[in-house]
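Structure, as structure tokens:
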Amino acid sequence: MAEPEKLRILHCFRSPVGGIFRHVRDLVEEHRAAGHDVGILCDSSTGGAHEEKLFDGIRPHLTLGLTRIPVRRAIAPSDLSALLKSYKHIKSLQPNILHGHGAKGGVLARMIGTGMRANRSRVARLYSPHGGSLHFDRSSMSGQAVLRLERLQERFTDALVFVCDYERRTYEAKVGTPTTRWKVILNGVKASEFTPVVAPDDAADFLYIGMLRDLKGPDVFIDAFARTERALGRPLSGLMVGDGPDRDRYEAMMTERGLGRRIRMMPAMPAREAFAMARTVVVPSRAEAMPYIVIEALAAQKPVVASRVGGIPEILGTDSEALAIPGDAQDLSQVMAAAAVDPGWQRRVMPKPDTFRSVFSSSVMADSMLDLYRSVLRDQP
């Protein structure tokens, strides 16, 4: 059966924060511009003022609407109620593409899509892990349960979409070789973001931007910052931008080390606004899939120092001098020091802008996704 020219695409995910939300917003804008109907279903209990502004920016593109219902992070009995409520609403929208992002979004999209298929609706069920369940350890009881659930859900999945090859390899190692079709589609950013952001003379030396939680390594950043000062023998300036559950602990950590006046903390803001306040972006994560902040920073032609985790080596290059050992503040400090003292470091170490743009643009990402959507629909009876 031929696939319809105009698709009706619904993205399902839990929390409207971070990389998943960024990924979905870009797909929404690109696919709506291509003439397709698009909508979002996500959690109603997470996100703040910053996320509300982001929703305001994409509402005009959401021809299938924005639906928010309570979706908890952990598996709970309330999930059944959310699933039933979601099913009734999604069925009324008559989508032919259900794309789940993250573990909870994947459950919603695949279970609801399977129910619709049982009622003779023609709908494709896709799932992008975005890290999520893949962060679990196979040796733990909870990890075993979550990863087995991922395997079970493959039978209700028409296609898996990985945002980098690292994510595909991790899925294969922890869940198993996929039994359904899969495709790696790299994250990308909009054409307007491939414009240099130049820092003023009084800009901070180093910027951390992201969630304030240990997984993202703010504590590693603070430790490495102090070590870099000692290595260079002079005071530096830093900026930490973001919100999260551990903010007060990091602020106390800075105070204890006498860094309170040299590292400033600011709430979450658009990445390019933060880039304009600093010279070098530091991404000290302990775990990642394919972090947008690295792509955004390189598109803005900012030098980046990052942990060698997840898909980051696929962005910077597997042998890049910008990569540090995850969780190792001393190793991160050595890379930060090199970036600070070598005037040619950025030109020599960072990817070439034109080559980078040809791979990591949202238009390339969105076109590849549409090709996959249509291919899945074509193969349905």
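In the structure tokens, the first chain shown is A, the next is B, and so on; residue numbers restart at 1 for each chain, and ligands run from 1 in the order shown.
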
Could you produce a table of the residues of region 188-213 of chain A lying within 12 Å of region 16-29 of chain A, with the nearest pair of atoms per residue and their separation in Å rounded to one decimal, using only C-alpha atoms, ordered by chain and increasing residue number, as CSV?
residue,atom,partner,partner_atom,distance
A:Gly188,CA,A:His23,CA,8.2
A:Val189,CA,A:Asp26,CA,7.4
A:Lys190,CA,A:Asp26,CA,7.4
A:Ala191,CA,A:Asp26,CA,11.0
A:Glu193,CA,A:Asp26,CA,11.9
A:Ile209,CA,A:Gly18,CA,10.8
A:Gly210,CA,A:Gly18,CA,7.8
A:Met211,CA,A:Gly18,CA,7.7
A:Leu212,CA,A:Gly18,CA,11.5

Could you turn the residues from that selection into a file that holds N, CA, C and O atoms, as a PDB file, in the first residue's frame?
ATOM      1  N   GLY A 188      20.859  17.062  14.739  1.00  0.00           N
ATOM      2  CA  GLY A 188      21.326  18.222  13.991  1.00  0.00           C
ATOM      3  C   GLY A 188      20.661  19.484  14.497  1.00  0.00           C
ATOM      4  O   GLY A 188      19.664  19.424  15.219  1.00  0.00           O
ATOM      5  N   VAL A 189      21.214  20.636  14.130  1.00  0.00           N
ATOM      6  CA  VAL A 189      20.658  21.924  14.562  1.00  0.00           C
ATOM      7  C   VAL A 189      20.270  22.759  13.347  1.00  0.00           C
ATOM      8  O   VAL A 189      20.673  22.486  12.220  1.00  0.00           O
ATOM      9  N   LYS A 190      19.482  23.791  13.601  1.00  0.00           N
ATOM     10  CA  LYS A 190      18.911  24.606  12.528  1.00  0.00           C
ATOM     11  C   LYS A 190      19.962  25.455  11.813  1.00  0.00           C
ATOM     12  O   LYS A 190      21.004  25.788  12.379  1.00  0.00           O
ATOM     13  N   ALA A 191      19.633  25.838  10.583  1.00  0.00           N
ATOM     14  CA  ALA A 191      20.558  26.634   9.768  1.00  0.00           C
ATOM     15  C   ALA A 191      20.944  27.933  10.474  1.00  0.00           C
ATOM     16  O   ALA A 191      22.095  28.382  10.391  1.00  0.00           O
ATOM     17  N   GLU A 193      21.534  28.454  13.438  1.00  0.00           N
ATOM     18  CA  GLU A 193      22.486  28.245  14.531  1.00  0.00           C
ATOM     19  C   GLU A 193      23.924  28.095  14.050  1.00  0.00           C
ATOM     20  O   GLU A 193      24.845  28.068  14.864  1.00  0.00           O
ATOM     21  N   ILE A 209      27.030  24.306  30.891  1.00  0.00           N
ATOM     22  CA  ILE A 209      25.621  24.553  30.659  1.00  0.00           C
ATOM     23  C   ILE A 209      24.891  23.220  30.573  1.00  0.00           C
ATOM     24  O   ILE A 209      25.281  22.339  29.800  1.00  0.00           O
ATOM     25  N   GLY A 210      23.870  23.044  31.405  1.00  0.00           N
ATOM     26  CA  GLY A 210      23.131  21.785  31.404  1.00  0.00           C
ATOM     27  C   GLY A 210      22.429  21.569  32.727  1.00  0.00           C
ATOM     28  O   GLY A 210      22.407  22.433  33.603  1.00  0.00           O
ATOM     29  N   MET A 211      21.847  20.379  32.869  1.00  0.00           N
ATOM     30  CA  MET A 211      21.168  20.017  34.108  1.00  0.00           C
ATOM     31  C   MET A 211      22.162  19.951  35.258  1.00  0.00           C
ATOM     32  O   MET A 211      23.289  19.469  35.102  1.00  0.00           O
ATOM     33  N   LEU A 212      21.730  20.434  36.425  1.00  0.00           N
ATOM     34  CA  LEU A 212      22.589  20.406  37.610  1.00  0.00           C
ATOM     35  C   LEU A 212      22.328  19.106  38.370  1.00  0.00           C
ATOM     36  O   LEU A 212      21.614  19.055  39.367  1.00  0.00           O
TER      37      LEU A 212
END

Wanna dump the region 263-310 of chain A-region 175-186 of chain A contacts at 12 Å for me, each residue with its shortest atom pair and the distance in Å to one decimal, counting only C-alpha atoms, ordered by chain and number, as CSV?
residue,atom,partner,partner_atom,distance
A:Ala289,CA,A:Leu186,CA,10.7
A:Met290,CA,A:Leu186,CA,8.0
A:Pro291,CA,A:Leu186,CA,10.6
A:Tyr292,CA,A:Leu186,CA,10.3
A:Ile295,CA,A:Leu186,CA,10.4

Would you mind exporting the chosen residues as a PDB file, in the first residue's frame, restricted to C-alpha atoms?
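Okay, part-v8.pdb is ready:
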ATOM      1  CA  ALA A 289      23.883   9.608  24.240  1.00  0.00           C
ATOM      2  CA  MET A 290      24.329  12.377  21.627  1.00  0.00           C
ATOM      3  CA  PRO A 291      24.293  15.676  23.549  1.00  0.00           C
ATOM      4  CA  TYR A 292      22.914  18.644  21.680  1.00  0.00           C
ATOM      5  CA  ILE A 295      26.563  20.249  18.469  1.00  0.00           C
TER       6      ILE A 295
END

Would you pick out the contacts of Met254 (chain A) at 10 Å or less, using only C-alpha atoms, so that residues sharing its chain but fewer than 6 positions from it are not included, and give the list as a PDB file with N, CA and C atoms, in the first residue's frame?
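selection_31.pdb, freshly written:
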ATOM      1  N   ASP A 219      30.004  18.714  39.308  1.00  0.00           N
ATOM      2  CA  ASP A 219      31.035  18.607  40.340  1.00  0.00           C
ATOM      3  C   ASP A 219      32.420  18.396  39.728  1.00  0.00           C
ATOM      4  N   ILE A 222      33.631  21.805  38.512  1.00  0.00           N
ATOM      5  CA  ILE A 222      34.128  22.658  39.601  1.00  0.00           C
ATOM      6  C   ILE A 222      35.523  22.215  40.036  1.00  0.00           C
ATOM      7  N   ASP A 223      35.694  20.908  40.195  1.00  0.00           N
ATOM      8  CA  ASP A 223      36.993  20.370  40.592  1.00  0.00           C
ATOM      9  C   ASP A 223      38.052  20.674  39.531  1.00  0.00           C
ATOM     10  N   ALA A 226      39.168  24.383  39.482  1.00  0.00           N
ATOM     11  CA  ALA A 226      40.140  24.698  40.535  1.00  0.00           C
ATOM     12  C   ALA A 226      41.531  24.169  40.176  1.00  0.00           C
ATOM     13  N   ASP A 248      22.079  23.505  44.996  1.00  0.00           N
ATOM     14  CA  ASP A 248      22.592  23.996  46.277  1.00  0.00           C
ATOM     15  C   ASP A 248      23.871  23.271  46.682  1.00  0.00           C
ATOM     16  N   GLY A 260      33.482  30.836  44.995  1.00  0.00           N
ATOM     17  CA  GLY A 260      32.164  31.471  44.900  1.00  0.00           C
ATOM     18  C   GLY A 260      32.143  32.747  44.082  1.00  0.00           C
ATOM     19  N   ARG A 261      33.236  33.507  44.094  1.00  0.00           N
ATOM     20  CA  ARG A 261      33.271  34.765  43.351  1.00  0.00           C
ATOM     21  C   ARG A 261      33.786  34.591  41.920  1.00  0.00           C
ATOM     22  N   ARG A 262      34.411  33.449  41.643  1.00  0.00           N
ATOM     23  CA  ARG A 262      35.002  33.265  40.315  1.00  0.00           C
ATOM     24  C   ARG A 262      34.161  32.358  39.409  1.00  0.00           C
ATOM     25  N   ILE A 263      33.231  31.622  39.985  1.00  0.00           N
ATOM     26  CA  ILE A 263      32.273  30.855  39.186  1.00  0.00           C
ATOM     27  C   ILE A 263      30.875  31.372  39.507  1.00  0.00           C
ATOM     28  N   ARG A 264      30.236  31.927  38.510  1.00  0.00           N
ATOM     29  CA  ARG A 264      28.890  32.484  38.694  1.00  0.00           C
ATOM     30  C   ARG A 264      27.859  31.460  38.257  1.00  0.00           C
TER      31      ARG A 264
END

Write out as a list in words which residues come within 9 Å of Gly105 (chain A) when counting only C-alpha atoms, dropping same-chain ones fewer than 4 positions away.
-> His11, Cys12, Phe13, Arg14, Leu41, Cys42, His99, Gly100, His101, Ala109, Arg110, Tyr127, Ser128 and Pro129 of chain A

Considering only C-alpha atoms, return as a compact mmCIF listing (two decimals) with C-alpha atoms, in the first residue's frame whatever protein or nucleic-acid residues lie within 12 Å of Phe275 (chain A), sequence-local ones (same chain, fewer than 5 positions apart) excluded.
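Saved to selection31.txt:
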# COMPACT_ATOMS: atom_id res chain seq x y z
CA GLU A 193 22.49 28.25 14.53
CA THR A 195 26.41 31.52 12.94
CA PRO A 196 29.47 32.27 15.09
CA VAL A 197 28.87 33.56 18.61
CA VAL A 198 31.76 35.83 19.55
CA ALA A 199 32.55 36.31 23.24
CA PRO A 200 33.37 39.81 24.53
CA ALA A 203 33.65 36.83 28.95
CA ALA A 204 34.11 33.96 31.40
CA ASP A 205 36.94 31.58 30.59
CA PHE A 206 34.81 28.42 30.90
CA LEU A 207 31.11 27.63 30.65
CA TYR A 208 29.18 24.67 32.02
CA ILE A 209 25.62 24.55 30.66
CA LEU A 239 29.90 30.33 34.50
CA MET A 240 27.43 27.56 35.32
CA VAL A 241 24.07 27.82 33.57
CA MET A 269 18.60 30.06 29.29
CA PRO A 270 18.91 29.56 25.52
CA THR A 280 35.15 27.81 26.03
CA VAL A 281 32.30 25.32 26.61
CA VAL A 282 33.02 22.40 28.96
CA ILE A 293 24.99 21.10 23.65
CA VAL A 294 28.17 19.90 21.91
CA GLU A 296 25.11 23.66 19.35
CA ALA A 297 28.45 24.92 20.62
CA LEU A 298 30.36 23.76 17.54
CA ALA A 299 27.70 25.24 15.24
CA ALA A 300 28.30 28.55 17.05
CA GLN A 301 32.05 27.99 16.49
CA LYS A 302 32.83 27.80 20.20
CA PRO A 303 35.77 25.66 21.37
CA VAL A 304 34.55 22.59 23.30

Return the single residue from A:Leu370, A:Ala49, A:Leu7, A:Leu84 that is closest to Gly35 (chain A), with distances computed using only C-alpha atoms.
->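 Ranking A:Leu370, A:Ala49, A:Leu7, A:Leu84 by distance to Gly35 (chain A), first place goes to A:Leu7.
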
Please, which residues of region 178-362 of chain A, numbered as in this document, come out strand (DSSP E) from DSSP, as a PyMOL selection string?
-> chain A and resi 181-184+204-209+238-241+263-266+278-283+304-307+323-324

Just asking: which residues within region 32-239 of chain A are alpha helix (DSSP H) according to DSSP, as number ranges by chain?
-> A: 32-33, 49-58, 78-93, 102-118, 141-153, 165-174, 218-232

Please provide as JSON, numbers by chain all residues within 12 Å of Asp331 (chain A), with the sequence filter that same-chain residues fewer than 2 positions apart are discarded (counting only C-alpha atoms).
-> {"A": [220, 221, 223, 224, 225, 227, 228, 231, 284, 305, 306, 307, 308, 321, 322, 323, 324, 325, 326, 327, 328, 329, 333, 334, 335, 336, 337, 338]}

Expected file: the selected residues, N, CA, C and O atoms, as a compact mmCIF listing (two decimals), in the first residue's frame:
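result00.txt was written with the following content:
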# COMPACT_ATOMS: atom_id res chain seq x y z
N VAL A 220 32.47 17.66 38.62
CA VAL A 220 33.74 17.44 37.91
C VAL A 220 34.23 18.77 37.33
O VAL A 220 35.42 19.09 37.37
N PHE A 221 33.30 19.56 36.81
CA PHE A 221 33.64 20.87 36.26
C PHE A 221 34.26 21.77 37.34
O PHE A 221 35.30 22.40 37.12
N ASP A 223 35.69 20.91 40.20
CA ASP A 223 36.99 20.37 40.59
C ASP A 223 38.05 20.67 39.53
O ASP A 223 39.17 21.13 39.84
N ALA A 224 37.71 20.45 38.26
CA ALA A 224 38.67 20.69 37.18
C ALA A 224 39.01 22.17 37.04
O ALA A 224 40.15 22.53 36.74
N PHE A 225 38.02 23.03 37.28
CA PHE A 225 38.25 24.47 37.22
C PHE A 225 39.32 24.88 38.25
O PHE A 225 40.27 25.61 37.93
N ARG A 227 41.60 22.98 39.60
CA ARG A 227 42.88 22.40 39.22
C ARG A 227 43.52 23.20 38.07
O ARG A 227 44.75 23.35 38.02
N THR A 228 42.68 23.70 37.16
CA THR A 228 43.20 24.49 36.03
C THR A 228 43.79 25.80 36.53
O THR A 228 44.85 26.25 36.04
N ALA A 231 47.15 24.95 37.91
CA ALA A 231 48.10 24.60 36.86
C ALA A 231 48.60 25.84 36.12
O ALA A 231 49.78 25.92 35.75
N PRO A 284 31.37 18.05 30.95
CA PRO A 284 32.06 17.04 31.78
C PRO A 284 31.22 15.83 32.15
O PRO A 284 31.40 15.23 33.20
N VAL A 305 35.48 21.49 25.23
CA VAL A 305 36.23 20.47 25.97
C VAL A 305 35.18 19.52 26.54
O VAL A 305 34.20 19.97 27.14
N ALA A 306 35.34 18.21 26.35
CA ALA A 306 34.27 17.30 26.74
C ALA A 306 34.80 15.96 27.21
O ALA A 306 35.92 15.56 26.88
N SER A 307 33.96 15.24 27.94
CA SER A 307 34.27 13.87 28.34
C SER A 307 34.15 12.94 27.13
O SER A 307 33.31 13.15 26.26
N ARG A 308 34.96 11.91 27.15
CA ARG A 308 34.88 10.90 26.09
C ARG A 308 33.77 9.91 26.45
O ARG A 308 34.02 8.78 26.88
N GLU A 321 41.89 15.79 20.65
CA GLU A 321 42.58 16.25 21.86
C GLU A 321 41.62 16.93 22.83
O GLU A 321 42.00 17.21 23.98
N ALA A 322 40.40 17.21 22.41
CA ALA A 322 39.42 17.88 23.26
C ALA A 322 38.73 16.92 24.22
O ALA A 322 37.97 17.36 25.09
N LEU A 323 38.99 15.63 24.09
CA LEU A 323 38.29 14.63 24.89
C LEU A 323 39.07 14.26 26.15
O LEU A 323 40.29 14.07 26.10
N ALA A 324 38.34 14.15 27.26
CA ALA A 324 38.94 13.81 28.55
C ALA A 324 38.30 12.55 29.12
O ALA A 324 37.18 12.17 28.75
N ILE A 325 39.00 11.92 30.04
CA ILE A 325 38.49 10.71 30.69
C ILE A 325 37.25 11.08 31.52
O ILE A 325 37.30 12.01 32.33
N PRO A 326 36.12 10.37 31.35
CA PRO A 326 34.90 10.70 32.10
C PRO A 326 35.12 10.64 33.61
O PRO A 326 35.71 9.69 34.13
N GLY A 327 34.67 11.67 34.31
CA GLY A 327 34.75 11.70 35.76
C GLY A 327 36.11 12.00 36.32
O GLY A 327 36.29 12.05 37.54
N ASP A 328 37.11 12.22 35.46
CA ASP A 328 38.48 12.47 35.90
C ASP A 328 38.77 13.96 35.82
O ASP A 328 39.09 14.50 34.76
N ALA A 329 38.67 14.66 36.96
CA ALA A 329 38.85 16.11 36.98
C ALA A 329 40.26 16.52 36.58
O ALA A 329 40.45 17.57 35.95
N SER A 333 41.04 18.88 33.50
CA SER A 333 41.79 20.11 33.75
C SER A 333 42.93 20.30 32.76
O SER A 333 43.19 21.41 32.30
N GLN A 334 43.61 19.23 32.42
CA GLN A 334 44.73 19.33 31.48
C GLN A 334 44.25 19.80 30.10
O GLN A 334 44.91 20.61 29.44
N VAL A 335 43.08 19.31 29.67
CA VAL A 335 42.53 19.75 28.38
C VAL A 335 42.07 21.20 28.47
O VAL A 335 42.31 21.99 27.54
N MET A 336 41.44 21.58 29.58
CA MET A 336 41.01 22.96 29.77
C MET A 336 42.20 23.91 29.74
O MET A 336 42.15 24.99 29.13
N ALA A 337 43.29 23.52 30.39
CA ALA A 337 44.48 24.36 30.41
C ALA A 337 45.06 24.54 29.01
O ALA A 337 45.46 25.64 28.62
N ALA A 338 45.10 23.45 28.24
CA ALA A 338 45.63 23.53 26.88
C ALA A 338 44.78 24.46 26.03
O ALA A 338 45.30 25.28 25.25

Can you work out which one of A:Gly310, A:Leu259, A:Lys216, A:Arg168 has the shortest atom-to-atom distance to Val283 (chain A), counting only C-alpha atoms?
->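 Nearest candidate to Val283 (chain A) out of A:Gly310, A:Leu259, A:Lys216, A:Arg168: A:Lys216.
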
Measure the distance from CA of Gln346 (chain A) to CA of Leu232 (chain A) in Å and round it to one decimal.
-> 18.5 Å

Do you have the CA of Ser368 (chain A)-CA of Arg68 (chain A) distance handy?
->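 About the pair CA of Ser368 (chain A) and CA of Arg68 (chain A): they are 27.7 Å apart.
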
For Ile97 (chain A), which residue among A:Asp214, A:Asp37, A:Glu288, A:Asp243 is the nearest when counting only C-alpha atoms?
->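 Nearest candidate to Ile97 (chain A) out of A:Asp214, A:Asp37, A:Glu288, A:Asp243: A:Asp37.
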
Write out as a ChimeraX atom specification which residues come within 12 Å of Arg138 (chain A) when counting only C-alpha atoms, dropping same-chain ones fewer than 6 positions away.
-> /A:144-148,170-171,173-176

Could you take the residues named above and write them with all heavy atoms, as a tab-separated table (two decimals), in the first residue's frame?
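Below is the file that was written, selection.tsv:
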chain	number	residue	atom	x	y	z
A	144	GLN	N	18.12	-5.20	35.00
A	144	GLN	CA	17.63	-6.40	34.32
A	144	GLN	C	16.16	-6.25	33.94
A	144	GLN	O	15.75	-6.60	32.82
A	144	GLN	CB	17.81	-7.63	35.23
A	144	GLN	CG	19.23	-8.14	35.30
A	144	GLN	CD	19.65	-8.85	34.02
A	144	GLN	OE1	18.84	-9.39	33.29
A	144	GLN	NE2	20.94	-8.83	33.74
A	145	ALA	N	15.36	-5.73	34.87
A	145	ALA	CA	13.92	-5.58	34.61
A	145	ALA	C	13.67	-4.60	33.47
A	145	ALA	O	12.88	-4.87	32.55
A	145	ALA	CB	13.21	-5.11	35.88
A	146	VAL	N	14.34	-3.45	33.52
A	146	VAL	CA	14.13	-2.42	32.50
A	146	VAL	C	14.59	-2.90	31.13
A	146	VAL	O	13.90	-2.71	30.12
A	146	VAL	CB	14.86	-1.12	32.90
A	146	VAL	CG1	14.89	-0.13	31.73
A	146	VAL	CG2	14.17	-0.48	34.09
A	147	LEU	N	15.76	-3.52	31.07
A	147	LEU	CA	16.30	-3.95	29.78
A	147	LEU	C	15.51	-5.12	29.19
A	147	LEU	O	15.36	-5.22	27.96
A	147	LEU	CB	17.78	-4.32	29.94
A	147	LEU	CG	18.67	-3.12	30.34
A	147	LEU	CD1	20.06	-3.60	30.75
A	147	LEU	CD2	18.77	-2.11	29.21
A	148	ARG	N	14.97	-5.99	30.03
A	148	ARG	CA	14.10	-7.05	29.52
A	148	ARG	C	12.80	-6.48	28.98
A	148	ARG	O	12.25	-6.97	27.99
A	148	ARG	CB	13.82	-8.07	30.64
A	148	ARG	CG	15.00	-8.99	30.93
A	148	ARG	CD	14.75	-9.90	32.11
A	148	ARG	NE	15.90	-10.75	32.38
A	148	ARG	CZ	16.04	-11.49	33.46
A	148	ARG	NH1	15.07	-11.50	34.38
A	148	ARG	NH2	17.12	-12.23	33.63
A	170	THR	N	25.38	0.35	22.33
A	170	THR	CA	24.97	0.14	23.72
A	170	THR	C	23.68	-0.67	23.79
A	170	THR	O	23.55	-1.58	24.63
A	170	THR	CB	24.78	1.49	24.43
A	170	THR	OG1	25.98	2.25	24.35
A	170	THR	CG2	24.40	1.30	25.89
A	171	TYR	N	22.75	-0.36	22.90
A	171	TYR	CA	21.50	-1.12	22.86
A	171	TYR	C	21.79	-2.60	22.56
A	171	TYR	O	21.26	-3.50	23.21
A	171	TYR	CB	20.59	-0.55	21.78
A	171	TYR	CG	19.20	-1.16	21.72
A	171	TYR	CD1	18.13	-0.56	22.38
A	171	TYR	CD2	18.97	-2.34	21.02
A	171	TYR	CE1	16.85	-1.12	22.33
A	171	TYR	CE2	17.71	-2.90	20.96
A	171	TYR	CZ	16.65	-2.29	21.62
A	171	TYR	OH	15.40	-2.85	21.56
A	173	ALA	N	24.54	-4.23	23.13
A	173	ALA	CA	25.25	-4.86	24.24
A	173	ALA	C	24.34	-5.13	25.43
A	173	ALA	O	24.49	-6.16	26.11
A	173	ALA	CB	26.41	-3.97	24.68
A	174	LYS	N	23.39	-4.24	25.70
A	174	LYS	CA	22.58	-4.37	26.90
A	174	LYS	C	21.23	-5.04	26.66
A	174	LYS	O	20.74	-5.79	27.53
A	174	LYS	CB	22.35	-2.99	27.53
A	174	LYS	CG	23.61	-2.37	28.11
A	174	LYS	CD	23.30	-1.12	28.92
A	174	LYS	CE	24.54	-0.59	29.61
A	174	LYS	NZ	24.26	0.57	30.50
A	175	VAL	N	20.62	-4.78	25.51
A	175	VAL	CA	19.30	-5.34	25.21
A	175	VAL	C	19.43	-6.54	24.29
A	175	VAL	O	18.76	-7.56	24.46
A	175	VAL	CB	18.38	-4.27	24.57
A	175	VAL	CG1	17.01	-4.86	24.23
A	175	VAL	CG2	18.22	-3.07	25.50
A	176	GLY	N	20.32	-6.44	23.31
A	176	GLY	CA	20.52	-7.50	22.34
A	176	GLY	C	20.46	-6.94	20.92
A	176	GLY	O	20.03	-5.81	20.70
